[in-house]
$ cat query.cif   # mmCIF, C-alpha atoms
data_work
#
loop_
_atom_site.label_atom_id
_atom_site.label_comp_id
_atom_site.auth_asym_id
_atom_site.auth_seq_id
_atom_site.Cartn_x
_atom_site.Cartn_y
_atom_site.Cartn_z
CA MET N 1 -19.71 -152.57 52.18
CA ASN N 2 -16.90 -150.03 52.37
CA ASN N 3 -13.35 -150.58 51.16
CA GLN N 4 -14.50 -152.88 48.41
CA HIS N 5 -13.32 -152.10 44.94
CA LEU N 6 -13.41 -153.47 41.46
CA GLN N 7 -10.37 -153.21 39.28
CA VAL N 8 -9.98 -154.06 35.63
CA LYS N 9 -6.47 -154.37 34.24
CA GLN N 10 -5.53 -154.31 30.57
CA LEU N 11 -8.72 -156.06 29.55
CA ALA N 12 -9.15 -157.10 25.93
CA CYS N 13 -12.05 -158.92 24.30
CA ILE N 14 -12.25 -160.23 20.76
CA ARG N 15 -15.45 -161.60 19.26
CA GLY N 16 -14.79 -163.41 16.02
CA ASP N 17 -12.50 -161.07 14.10
CA ARG N 18 -13.61 -157.92 15.88
CA HIS N 19 -11.53 -156.31 18.56
CA LEU N 20 -14.22 -154.94 20.84
CA PHE N 21 -11.85 -153.26 23.26
CA SER N 22 -8.29 -153.64 24.44
CA GLU N 23 -6.03 -152.27 27.15
CA LEU N 24 -9.05 -151.31 29.18
CA ASP N 25 -8.39 -150.11 32.73
CA ILE N 26 -11.14 -149.39 35.23
CA ARG N 27 -11.13 -148.76 38.93
CA LEU N 28 -14.39 -148.45 40.76
CA ASP N 29 -14.51 -147.77 44.51
CA SER N 30 -17.42 -148.11 46.84
CA GLY N 31 -19.92 -145.33 46.48
CA GLN N 32 -19.25 -144.88 42.78
CA LEU N 33 -21.23 -145.36 39.63
CA LEU N 34 -19.84 -146.14 36.20
CA TYR N 35 -21.67 -145.32 32.99
CA LEU N 36 -20.74 -147.41 30.02
CA GLN N 37 -21.46 -145.59 26.81
CA GLY N 38 -20.95 -146.38 23.17
CA ARG N 39 -22.65 -147.24 19.92
CA ASN N 40 -24.65 -150.43 19.43
CA GLY N 41 -22.21 -153.26 19.01
CA SER N 42 -19.35 -151.46 20.70
CA GLY N 43 -19.02 -154.19 23.30
CA LYS N 44 -20.91 -152.79 26.28
CA THR N 45 -22.80 -155.98 26.97
CA THR N 46 -19.69 -158.09 26.41
CA LEU N 47 -17.80 -155.97 28.93
CA LEU N 48 -20.56 -156.36 31.52
CA ARG N 49 -20.69 -160.11 30.97
CA THR N 50 -16.92 -160.28 31.25
CA LEU N 51 -17.07 -158.50 34.60
CA CYS N 52 -19.56 -161.11 35.82
CA GLY N 53 -17.36 -163.94 34.64
CA LEU N 54 -19.89 -165.10 32.05
CA PHE N 55 -17.47 -164.23 29.26
CA HIS N 56 -13.76 -164.94 29.30
CA PRO N 57 -11.54 -162.05 28.27
CA ASP N 58 -8.78 -162.70 25.75
CA GLU N 59 -6.33 -160.68 27.79
CA GLY N 60 -6.19 -158.95 31.14
CA GLU N 61 -7.98 -159.62 34.37
CA VAL N 62 -10.77 -158.48 36.63
CA LEU N 63 -9.95 -158.02 40.30
CA TRP N 64 -12.42 -157.80 43.16
CA CYS N 65 -10.87 -156.31 46.31
CA GLY N 66 -7.47 -157.13 44.86
CA LYS N 67 -8.18 -160.78 44.11
CA LYS N 68 -8.80 -162.28 40.70
CA VAL N 69 -12.48 -163.04 40.21
CA THR N 70 -11.63 -166.25 38.40
CA GLU N 71 -10.01 -167.46 41.61
CA LEU N 72 -12.72 -166.07 43.89
CA GLY N 73 -15.39 -167.90 41.89
CA GLU N 74 -18.52 -168.33 43.96
CA LEU N 75 -17.33 -165.91 46.64
CA PHE N 76 -17.43 -163.13 44.07
CA TYR N 77 -20.99 -164.05 43.11
CA LYS N 78 -22.13 -163.31 46.65
CA ASP N 79 -21.13 -159.70 46.09
CA ILE N 80 -22.60 -159.03 42.67
CA LEU N 81 -26.06 -158.65 41.23
CA PHE N 82 -26.49 -158.87 37.47
CA VAL N 83 -29.55 -157.84 35.50
CA GLY N 84 -29.00 -158.68 31.86
CA HIS N 85 -30.80 -158.07 28.61
CA ALA N 86 -33.09 -161.01 29.18
CA ALA N 87 -35.17 -160.46 32.29
CA GLY N 88 -34.19 -163.81 33.74
CA ILE N 89 -37.63 -164.63 35.03
CA LYS N 90 -39.85 -167.63 34.44
CA LEU N 91 -43.09 -166.72 32.69
CA GLU N 92 -44.91 -169.74 34.12
CA LEU N 93 -44.28 -168.54 37.66
CA THR N 94 -45.75 -165.61 39.52
CA PRO N 95 -43.65 -162.55 40.42
CA LEU N 96 -43.59 -163.72 44.01
CA GLU N 97 -42.36 -167.21 43.10
CA ASN N 98 -39.71 -165.77 40.80
CA LEU N 99 -38.42 -163.55 43.55
CA ARG N 100 -38.56 -166.32 46.15
CA ILE N 101 -36.52 -168.68 43.96
CA TYR N 102 -33.98 -165.94 43.35
CA MET N 103 -33.75 -165.31 47.07
CA ARG N 104 -33.23 -168.97 47.97
CA LEU N 105 -30.68 -169.65 45.24
CA HIS N 106 -28.69 -166.59 46.19
CA GLU N 107 -28.90 -167.57 49.86
CA LEU N 108 -30.39 -164.24 50.89
CA ASP N 109 -31.96 -164.01 54.29
CA VAL N 110 -35.16 -162.20 53.40
CA ALA N 111 -38.48 -162.64 55.15
CA GLU N 112 -41.62 -163.45 53.16
CA ASP N 113 -43.07 -160.03 54.10
CA ALA N 114 -40.04 -158.30 52.62
CA LEU N 115 -40.64 -160.04 49.29
CA TRP N 116 -44.21 -158.74 49.18
CA GLN N 117 -42.94 -155.31 50.20
CA ALA N 118 -40.30 -155.34 47.44
CA LEU N 119 -42.91 -156.20 44.81
CA GLN N 120 -45.21 -153.51 46.14
CA ASP N 121 -42.40 -150.93 46.11
CA ILE N 122 -41.47 -151.76 42.53
CA GLY N 123 -45.09 -151.22 41.52
CA LEU N 124 -46.43 -154.75 41.18
CA LYS N 125 -49.02 -154.52 43.93
CA GLY N 126 -51.97 -156.68 43.01
CA PHE N 127 -49.98 -158.68 40.48
CA GLU N 128 -47.99 -160.78 42.96
CA ASP N 129 -49.95 -163.93 42.29
CA LEU N 130 -50.47 -163.74 38.54
CA PRO N 131 -48.31 -165.81 36.21
CA ALA N 132 -45.68 -163.49 34.76
CA ARG N 133 -46.74 -164.36 31.21
CA MET N 134 -49.91 -162.31 31.74
CA LEU N 135 -47.96 -159.17 32.59
CA SER N 136 -46.75 -156.46 30.24
CA ALA N 137 -43.13 -156.10 29.12
CA GLY N 138 -42.55 -153.28 31.59
CA GLN N 139 -44.03 -155.27 34.43
CA LYS N 140 -41.83 -158.28 33.60
CA ARG N 141 -38.88 -155.94 33.73
CA ARG N 142 -40.03 -154.75 37.14
CA ILE N 143 -39.95 -158.32 38.45
CA ALA N 144 -36.30 -158.53 37.46
CA LEU N 145 -35.62 -155.16 39.08
CA ALA N 146 -37.34 -156.16 42.32
CA ARG N 147 -34.15 -158.11 42.99
CA LEU N 148 -32.38 -154.79 43.57
CA LEU N 149 -34.60 -154.28 46.60
CA ILE N 150 -33.89 -157.61 48.29
CA ASP N 151 -30.28 -158.35 47.31
CA LYS N 152 -27.58 -156.88 49.54
CA ALA N 153 -24.83 -157.34 46.93
CA ALA N 154 -22.27 -154.54 46.81
CA LEU N 155 -21.78 -154.40 43.05
CA TRP N 156 -24.73 -154.02 40.70
CA ILE N 157 -24.12 -154.73 37.05
CA LEU N 158 -27.09 -153.54 35.02
CA ASP N 159 -27.45 -153.91 31.27
CA GLU N 160 -29.91 -151.33 29.94
CA PRO N 161 -32.05 -151.46 33.09
CA PHE N 162 -34.38 -148.70 31.91
CA THR N 163 -35.64 -150.57 28.84
CA ALA N 164 -39.43 -150.90 28.62
CA LEU N 165 -40.04 -148.92 31.81
CA ASP N 166 -42.56 -146.11 32.01
CA VAL N 167 -41.74 -142.63 33.38
CA VAL N 168 -42.76 -143.49 36.95
CA ALA N 169 -40.65 -146.64 36.96
CA VAL N 170 -37.66 -144.81 35.48
CA ASP N 171 -37.82 -142.26 38.33
CA LEU N 172 -38.14 -145.05 40.84
CA LEU N 173 -35.18 -146.97 39.45
CA GLN N 174 -33.06 -143.83 39.36
CA SER N 175 -33.73 -143.23 43.03
CA ILE N 176 -33.02 -146.89 43.89
CA ILE N 177 -29.67 -146.67 42.12
CA ALA N 178 -28.80 -143.31 43.69
CA GLN N 179 -29.67 -144.70 47.12
CA HIS N 180 -27.47 -147.76 46.59
CA VAL N 181 -24.51 -145.60 45.57
CA SER N 182 -24.98 -143.21 48.50
CA ARG N 183 -25.03 -146.22 50.84
CA GLY N 184 -21.57 -147.11 49.55
CA GLY N 185 -22.58 -149.57 46.88
CA MET N 186 -21.20 -149.75 43.36
CA VAL N 187 -23.13 -149.67 40.12
CA ILE N 188 -22.02 -150.27 36.56
CA LEU N 189 -24.66 -149.68 33.95
CA THR N 190 -25.23 -149.11 30.28
CA THR N 191 -27.97 -146.63 29.62
CA HIS N 192 -28.94 -143.34 28.08
CA GLN N 193 -30.74 -142.20 31.24
CA GLU N 194 -28.85 -140.13 33.76
CA VAL N 195 -29.02 -140.75 37.48
CA GLN N 196 -28.77 -137.63 39.67
CA LEU N 197 -25.53 -138.00 41.62
CA PRO N 198 -22.67 -135.71 42.71
CA ASP N 199 -19.91 -135.56 40.09
CA HIS N 200 -17.21 -137.21 42.17
CA GLN N 201 -19.34 -140.34 42.42
CA VAL N 202 -19.72 -140.77 38.70
CA GLN N 203 -17.31 -142.18 36.14
CA ARG N 204 -17.88 -142.45 32.42
CA LEU N 205 -16.37 -144.82 29.92
CA ARG N 206 -16.91 -144.67 26.16
CA LEU N 207 -16.29 -147.82 24.19
CA GLY N 208 -15.58 -148.13 20.52
CA ASP N 209 -14.09 -144.72 19.77
CA MET M 1 -25.13 -176.50 48.97
CA PHE M 2 -27.94 -178.97 49.60
CA SER M 3 -30.52 -176.24 50.08
CA SER M 4 -29.57 -174.78 46.68
CA LEU M 5 -29.73 -178.23 45.12
CA LYS M 6 -33.15 -178.81 46.64
CA MET M 7 -34.34 -175.42 45.44
CA ILE M 8 -33.26 -176.09 41.86
CA VAL M 9 -35.03 -179.45 41.86
CA LEU M 10 -38.17 -177.93 43.37
CA ARG M 11 -38.08 -175.08 40.88
CA ASP M 12 -37.95 -177.43 37.91
CA LEU M 13 -40.67 -179.67 39.33
CA MET M 14 -42.84 -176.62 39.93
CA LEU M 15 -42.28 -175.42 36.35
CA ALA M 16 -43.13 -178.89 35.05
CA MET M 17 -46.39 -178.87 36.99
CA ARG M 18 -47.31 -175.62 35.23
CA ARG M 19 -46.93 -177.29 31.83
CA LYS M 20 -48.02 -180.83 32.45
CA THR M 21 -48.15 -181.77 28.78
CA GLU M 22 -44.37 -181.94 28.56
CA VAL M 23 -44.17 -184.39 31.42
CA LEU M 24 -46.99 -186.58 30.20
CA THR M 25 -45.62 -186.64 26.64
CA THR M 26 -42.57 -188.64 27.71
CA LEU M 27 -44.58 -191.16 29.67
CA PHE M 28 -47.21 -191.68 27.00
CA PHE M 29 -44.58 -191.91 24.30
CA PHE M 30 -42.94 -194.73 26.26
CA ILE M 31 -46.23 -196.56 26.78
CA ILE M 32 -47.36 -196.17 23.17
CA VAL M 33 -44.07 -197.29 21.59
CA ILE M 34 -44.06 -200.35 23.79
CA SER M 35 -47.69 -201.15 23.02
CA LEU M 36 -47.14 -200.93 19.26
CA PHE M 37 -44.93 -204.02 19.16
CA PRO M 38 -47.44 -206.57 20.52
CA LEU M 39 -50.05 -205.04 18.20
CA GLY M 40 -47.80 -205.37 15.18
CA ILE M 41 -46.24 -208.72 15.92
CA GLY M 42 -49.19 -210.56 17.40
CA SER M 43 -49.63 -212.30 20.70
CA ASP M 44 -47.13 -215.14 20.28
CA LYS M 45 -45.87 -215.42 23.85
CA GLN M 46 -42.44 -216.82 22.91
CA ILE M 47 -41.63 -213.95 20.55
CA LEU M 48 -42.97 -211.27 22.89
CA ILE M 49 -40.90 -212.51 25.80
CA LYS M 50 -37.85 -212.61 23.58
CA ILE M 51 -38.17 -209.03 22.32
CA ALA M 52 -39.48 -207.41 25.50
CA PRO M 53 -36.10 -206.50 27.11
CA GLY M 54 -34.80 -204.82 23.98
CA VAL M 55 -38.05 -203.05 23.17
CA VAL M 56 -38.44 -201.66 26.67
CA TRP M 57 -34.93 -200.32 26.76
CA VAL M 58 -35.00 -198.81 23.28
CA ALA M 59 -38.29 -197.13 24.16
CA ALA M 60 -36.75 -195.83 27.39
CA LEU M 61 -33.78 -194.36 25.51
CA LEU M 62 -36.00 -192.60 23.00
CA ALA M 63 -38.42 -191.37 25.65
CA SER M 64 -35.64 -189.87 27.72
CA MET M 65 -34.32 -188.09 24.60
CA LEU M 66 -37.66 -186.32 24.13
CA ALA M 67 -37.45 -183.90 27.04
CA LEU M 68 -33.67 -183.60 26.90
CA GLU M 69 -33.62 -180.86 24.31
CA ARG M 70 -35.56 -178.56 26.62
CA LEU M 71 -33.44 -179.37 29.68
CA PHE M 72 -31.37 -176.19 29.48
CA ALA M 73 -32.86 -174.53 26.38
CA ALA M 74 -35.88 -172.98 28.12
CA ASP M 75 -33.70 -171.44 30.83
CA TYR M 76 -31.17 -170.35 28.24
CA ASP M 77 -33.79 -168.49 26.21
CA ASP M 78 -35.28 -166.45 29.04
CA GLY M 79 -32.00 -165.60 30.75
CA THR M 80 -32.63 -167.61 33.92
CA LEU M 81 -29.70 -169.89 33.04
CA GLU M 82 -27.19 -167.06 33.26
CA GLN M 83 -28.81 -165.92 36.50
CA MET M 84 -28.38 -169.43 37.89
CA LEU M 85 -24.76 -169.56 36.77
CA LEU M 86 -24.20 -166.52 38.99
CA ILE M 87 -25.45 -168.09 42.20
CA PRO M 88 -22.83 -168.49 44.90
CA GLN M 89 -22.55 -172.24 44.29
CA PRO M 90 -20.40 -174.37 42.00
CA VAL M 91 -22.00 -174.94 38.60
CA PHE M 92 -22.20 -178.70 39.11
CA VAL M 93 -24.79 -178.10 41.85
CA LEU M 94 -26.99 -176.43 39.24
CA VAL M 95 -26.38 -179.26 36.78
CA LEU M 96 -27.03 -181.96 39.34
CA GLY M 97 -30.27 -180.29 40.40
CA LYS M 98 -31.53 -179.99 36.86
CA VAL M 99 -30.57 -183.58 36.04
CA LEU M 100 -32.25 -184.84 39.18
CA ALA M 101 -35.45 -183.00 38.27
CA HIS M 102 -35.24 -184.38 34.73
CA TRP M 103 -34.98 -187.88 36.14
CA PHE M 104 -37.93 -187.39 38.50
CA LEU M 105 -40.01 -186.25 35.53
CA THR M 106 -38.88 -188.66 32.82
CA GLY M 107 -36.99 -191.57 34.41
CA LEU M 108 -38.92 -192.42 37.53
CA PRO M 109 -42.34 -192.55 35.81
CA LEU M 110 -40.94 -195.12 33.36
CA VAL M 111 -39.79 -197.31 36.23
CA LEU M 112 -43.22 -197.10 37.78
CA VAL M 113 -45.20 -198.07 34.67
CA THR M 114 -43.05 -201.10 33.81
CA PRO M 115 -45.45 -203.59 35.48
CA LEU M 116 -47.96 -202.49 32.86
CA VAL M 117 -45.46 -203.38 30.16
CA GLY M 118 -44.91 -206.76 31.73
CA LEU M 119 -48.59 -207.54 31.39
CA GLN M 120 -48.61 -206.70 27.69
CA TYR M 121 -45.63 -208.95 27.04
CA GLN M 122 -46.79 -211.71 29.38
CA LEU M 123 -43.50 -211.57 31.25
CA PRO M 124 -42.88 -213.65 34.39
CA ASP M 125 -42.73 -211.75 37.68
CA VAL M 126 -38.96 -212.08 38.01
CA ALA M 127 -38.48 -210.39 34.66
CA ILE M 128 -40.74 -207.48 35.63
CA TYR M 129 -38.85 -207.13 38.88
CA SER M 130 -35.44 -207.05 37.19
CA MET M 131 -36.83 -204.73 34.52
CA MET M 132 -37.72 -202.24 37.23
CA GLN M 133 -34.32 -202.68 38.85
CA SER M 134 -32.42 -202.15 35.61
CA LEU M 135 -34.50 -199.10 34.69
CA LEU M 136 -34.03 -197.69 38.17
CA LEU M 137 -30.26 -197.93 37.77
CA GLY M 138 -30.15 -197.07 34.09
CA THR M 139 -32.46 -194.07 33.67
CA PRO M 140 -30.34 -191.78 35.90
CA ILE M 141 -27.39 -192.59 33.62
CA LEU M 142 -29.50 -191.55 30.63
CA SER M 143 -30.34 -188.23 32.27
CA LEU M 144 -26.72 -187.60 33.30
CA ILE M 145 -25.17 -188.38 29.92
CA GLY M 146 -28.00 -186.63 28.11
CA ALA M 147 -27.32 -183.44 30.05
CA ILE M 148 -23.84 -183.25 28.50
CA GLY M 149 -25.38 -183.37 25.04
CA ALA M 150 -28.10 -180.89 25.96
CA ALA M 151 -25.48 -178.42 27.18
CA LEU M 152 -23.25 -178.93 24.15
CA THR M 153 -26.06 -178.33 21.65
CA LEU M 154 -27.42 -175.30 23.52
CA GLY M 155 -28.11 -172.42 21.19
CA VAL M 156 -27.38 -174.51 18.09
CA ARG M 157 -30.02 -174.46 15.39
CA GLY M 158 -31.55 -177.89 14.82
CA GLY M 159 -29.90 -178.93 18.06
CA GLY M 160 -32.44 -181.67 18.63
CA ILE M 161 -31.23 -183.90 15.80
CA LEU M 162 -27.60 -183.21 16.63
CA LEU M 163 -28.35 -184.08 20.23
CA SER M 164 -29.69 -187.52 19.26
CA LEU M 165 -26.68 -188.23 17.05
CA LEU M 166 -24.36 -187.19 19.84
CA ILE M 167 -26.02 -188.94 22.72
CA LEU M 168 -27.63 -192.14 21.42
CA PRO M 169 -24.26 -193.86 20.72
CA LEU M 170 -23.25 -193.11 24.32
CA TYR M 171 -26.43 -194.82 25.52
CA ILE M 172 -25.41 -198.14 23.93
CA PRO M 173 -23.67 -199.66 26.99
CA VAL M 174 -26.73 -198.91 29.11
CA LEU M 175 -28.95 -200.52 26.47
CA ILE M 176 -26.81 -203.67 26.31
CA TYR M 177 -26.51 -204.21 30.03
CA GLY M 178 -30.03 -203.06 30.80
CA SER M 179 -31.69 -205.48 28.43
CA GLY M 180 -29.08 -208.09 29.31
CA ALA M 181 -30.16 -207.96 32.93
CA ILE M 182 -33.79 -208.57 32.02
CA GLU M 183 -32.92 -211.47 29.72
CA ALA M 184 -30.67 -213.02 32.33
CA SER M 185 -33.45 -212.93 34.88
CA MET M 186 -35.55 -215.20 32.67
CA MET M 187 -32.79 -217.81 32.27
CA ALA M 188 -32.19 -220.23 35.09
CA GLY M 189 -28.78 -219.75 36.68
CA ALA M 190 -27.85 -216.64 34.71
CA PRO M 191 -26.04 -213.91 36.64
CA VAL M 192 -28.53 -211.01 36.90
CA GLN M 193 -26.58 -209.48 39.74
CA SER M 194 -23.43 -208.94 37.69
CA TYR M 195 -25.37 -207.03 35.02
CA LEU M 196 -26.94 -204.80 37.64
CA MET M 197 -23.63 -204.25 39.39
CA LEU M 198 -22.02 -203.15 36.16
CA MET M 199 -24.89 -200.72 35.62
CA ALA M 200 -24.42 -199.38 39.14
CA ALA M 201 -20.75 -198.85 38.26
CA PHE M 202 -21.78 -196.94 35.13
CA ALA M 203 -24.11 -194.83 37.24
CA ILE M 204 -21.34 -193.96 39.68
CA ILE M 205 -18.94 -192.99 36.90
CA ALA M 206 -21.65 -190.91 35.24
CA ILE M 207 -22.55 -189.07 38.43
CA ILE M 208 -18.91 -188.13 38.96
CA PHE M 209 -17.98 -187.05 35.45
CA ALA M 210 -21.17 -185.99 33.70
CA PRO M 211 -22.05 -182.94 35.87
CA TRP M 212 -18.48 -181.71 35.54
CA ALA M 213 -18.52 -182.04 31.74
CA THR M 214 -21.98 -180.50 31.54
CA ALA M 215 -20.89 -177.53 33.66
CA ALA M 216 -17.95 -176.90 31.33
CA ALA M 217 -20.22 -177.09 28.28
CA LEU M 218 -22.75 -174.71 29.86
CA LYS M 219 -20.10 -172.09 30.55
CA ILE M 220 -19.07 -172.22 26.90
CA ALA M 221 -22.69 -172.05 25.75
CA VAL M 222 -23.54 -168.82 27.59
CA GLU M 223 -20.50 -166.95 26.26
#
$ encode --input "query.cif" --output "structure tokens"
Amino acid sequence: MNNQHLQVKQLACIRGDRHLFSELDIRLDSGQLLYLQGRNGSGKTTLLRTLCGLFHPDEGEVLWCGKKVTELGELFYKDILFVGHAAGIKLELTPLENLRIYMRLHELDVAEDALWQALQDIGLKGFEDLPARMLSAGQKRRIALARLLIDKAALWILDEPFTALDVVAVDLLQSIIAQHVSRGGMVILTTHQEVQLPDHQVQRLRLGD
Amino acid sequence: MFSSLKMIVLRDLMLAMRRKTEVLTTLFFFIIVISLFPLGIGSDKQILIKIAPGVVWVAALLASMLALERLFAADYDDGTLEQMLLIPQPVFVLVLGKVLAHWFLTGLPLVLVTPLVGLQYQLPDVAIYSMMQSLLLGTPILSLIGAIGAALTLGVRGGGILLSLLILPLYIPVLIYGSGAIEASMMAGAPVQSYLMLMAAFAIIAIIFAPWATAAALKIAVE
């Protein structure tokens, strides 16, 4: 996991007539966390989606370990984990099935026991076999976040991960993120919650000023 | 690659089993549309045999349109589509998996109920047989071409109507050769094989180009 780095060079994104950001430079090394801050509509989500390759920048490029992500394509996707605004879970399926499908599609080698353990750790014990539609908003969010516990991706890209979570879950997520960073992982997130980490591991970026 | 493809197909089949109404709607729509014609026209065997190929194929086109709108829309709405675009596989694997599942749910059942149609229209056995053959070759083309339209109209308001306007004209060759094959089978000495071979050629072209076009449209849609 070490020696990996994400680099953003001279990135510019325009949506319609609005220049969201331009000449943006970022360098994130392993064991670092980047907070994206800014008003609503300042382009935080667009930036995160651009980093994942879901949105094409108007200028500039995103490099993963020195190679353009557009050229890496699927190889890059092995190394990232994205949790977006929408939870990305199927309400007809149970938490366990959602997690199992995620695991298979992302070609993760995770045992069935580990899936149960992940759901238990994220606080969904007893709800593993209920259709997700019956769960509360916070619990649905937890299903999406259970991915963090099974995916070994180096770079986590999290868009407002703390939304709809209760105090216990917020604490839990903070410790999961801190643990990932201390293991040498990378995290980019938009949030108003702080994660307790030493200063040299944290970067901040304000958009839209 | 194949394990991901299999997983996507299984996922969609599993989801369909959780909301059976959507699957059954297509099938019953097909059966009902086809049954309306004998009821309206009467039981004149000559007329029924004459219209059967066209009616069956038009009903198949419309039935396959029904579920098309939801092909990517449900996944788009809940964010699972963007998650699936980020799997370490080319996007056409995702498209192919979803199209395959769509065909299992809406194309294959039509092929299987065609003998029932044959009874209503008093068709000879050879016609029923070639009807099944032509539907077996033709319905995958409908799913493949339809997927392009479904991806292009993703996130557009009133996309359903737009989708029909976009896709139905592209279905015309399948309609002509599909019903042509059935008609030919009822005429002595007519070349059924050549109709079916042309449809097979369509299917091959569709399977090569449609997933690629759909993948490009999907990437634009999620932006």
$ resolve_selection --input "query.cif" --expression "the PyMOL selection byres ((chain N) within 8 of (chain M))" --output "PyMOL selection string"
chain N and resi 52+54-56+74-78+82+84-90+92-93+101+104-107
$ atom_distance --input "query.cif" --atom1 "atom CA of Trp64 of chain N" --atom2 "atom CA of Leu173 of chain N"
25.5 Å
$ atom_distance --input "query.cif" --atom1 "atom CA of Cys13 of chain N" --atom2 "atom CA of Pro57 of chain N"
5.1 Å
$ resolve_selection --input "query.cif" --expression "the PyMOL selection byres ((chain M and resi 129-140) around 8)" --output "PyMOL selection string"
chain M and resi 53+60+64+100+103+107-108+110-112+114+125-128+141-144+174+178-179+181-182+185+192+196+199-200+203
$ resolve_selection --input "query.cif" --expression "the PyMOL selection byres ((chain N and resi 36) around 12)" --output "PyMOL selection string"
chain N and resi 26+33-35+37-40+42-48+157-160+187-194+202-208
$ axis_aligned_box --input "query.cif" --around "segment 70-76 of chain N" --padding-each-side "4 Å" --output "lines of an AutoDock Vina configuration file"
center_x = -14.3
center_y = -165.7
center_z = 42.5
size_x = 16.5
size_y = 13.2
size_z = 16.2
$ residues_around --input "query.cif" --residues "Asp109 of chain N" --least-positions-apart "3" --cutoff "10 Å" --atoms "all atoms listed in the file" --output "PyMOL selection string"
chain N and resi 103-104+106+112+150-152
$ residues_around --input "query.cif" --residues "Ile122 of chain N" --least-positions-apart "6" --cutoff "9 Å" --atoms "only C-alpha atoms" --output "ChimeraX atom specification"
/N:142-143,145-146,149,169,172-173
$ atom_distance --input "query.cif" --atom1 "atom CA of Phe28 of chain M" --atom2 "atom CA of Phe72 of chain M"
22.3 Å
$ residues_near_point --input "query.cif" --point "(-24.6, -183.3, 30.8)" --cutoff "10 Å" --atoms "all atoms listed in the file" --output "PyMOL selection string"
chain M and resi 68+71-72+92+95-96+98-99+142-152+167+206-207+209-218
$ closest_residue --input "query.cif" --among "N:Gly31, N:Phe162, N:Asp121, N:Gly53" --to "Glu71 of chain N" --atoms "all atoms listed in the file"
N:Gly53
$ closest_residue --input "query.cif" --among "M:Phe29, M:Tyr195, M:Gly40, M:Leu48" --to "Gln122 of chain M" --atoms "all atoms listed in the file"
M:Leu48
